[in-house]
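Take a look at the structure below.
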Amino acid sequence: MARALLLLPLCLGLLYLRCGFSDSDPQAAAEDPDNLPAPSIRYEPTWDSLDSRPLPSWYDDAKFGIFVHWGVYSVPAFSGEWFWYNWKVKQDPDVLRFMETQYPPGWAYQAFAPLFTARFFDPAAWVELFEAAGARYIVTTAKHHDGYTLYPSAHSANWNSDVGPGRDLLAELQAAVRAGAPNLRFGLYHSL
């Protein structure tokens, strides 16, 4: 059961990568057969089921892509995207010491969200850099394990991009990809 639960985020991530944001664009689907909506096939959280899914040819042919983990955990910029888990669940001594020396007593993880402003986020510059590096696709975390979404969400009230950046970071990145690098595929990873 534990292994199945570990596979579930991978399943969701791969399905989002397959679908991207372009499923509802009939013009794009007509021009590119790999840009069709995902079939309504149910995959189970098992390796056999995952291994049975077809890969789109563009993904299979891509030699290099960018996977971006970016969110509230970027504010403390310590211990990576698993900061909350390492702090509150694992109680890693290095993370505990970091919090004791850098933040006041009683500081809550949610207090980082208003500080995650994305002030210097320039999606067009990201796209230019990724394309210049030779990337064929970009996948970013729409929602990471801490629950914070990089887009406004009624299902994640007070814990989404309305708090902090005050804007839809995913929509901006998607628009920059479409405008500046139409051959760069855009996908999402959405963790539970």
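Chain labels A, B, ... are given in the sequence in which chains occur in the structure tokens; within each chain residues are numbered consecutively from 1, and ligands are likewise numbered from 1 in the order shown.
By chain and then residue number, the residues within 7 Å of Arg136 (chain A) are A:Ala62, A:Phe64, A:Gly65, A:Gly134, A:Leu184, A:Arg185, counting only C-alpha atoms and disregarding those fewer than 2 positions away in sequence.
Taking only C-alpha atoms, the non-local environment of Val95 (chain A) within 8 Å (same-chain residues fewer than 3 positions away omitted) comprises Phe78, Ser79, Phe83, Asn86, Trp87, Gln91, Asp92, Phe98 and Met99 of chain A.
Closest approach to Ala179 (chain A) from the set A:Ala142, A:Val127, A:Val163, A:Val68 is made by A:Val127, with distances taken over only C-alpha atoms.
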> Residues of region 81-124 of chain A in helix (DSSP H, G or I) according to DSSP, as number ranges by chain?
Replying inline: A: 81-89, 93-102, 109-115, 123-124
>> I need the residues of region 26-187 of chain A that end up classed as strand (DSSP E or B) by DSSP on the backbone, written out as a list in words.
In response: Gly65, Ile66, Phe67, Val68, Tyr137, Ile138, Val139, Thr140, Thr141, Ala142, Lys143, Thr149, Asn160, Arg185, Phe186 and Gly187 of chain A
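Using only C-alpha atoms, the shortest contact distance between Trp58 (chain A) and any of A:Val177, A:Ala135, A:Leu96, A:Ala124 is found at A:Ala135.
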> At what distance in Å, to one decimal, does CA of Leu173 (chain A) lie from CA of Lys63 (chain A)?
Replying inline: 21.6 Å
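Nearest to Leu170 (chain A) of all the residues A:Ser57, A:Ser74, A:Thr149, A:Ser156 is A:Thr149, counting only C-alpha atoms.
Considering only C-alpha atoms, the residue among A:Ala108, A:Ala175, A:Ala181, A:Ile138 positioned nearest to Trp84 (chain A) is A:Ala108.
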> What gap, in Å, lies between CA of Ser161 (chain A) and CA of Arg119 (chain A)?
Replying inline: 12.4 Å
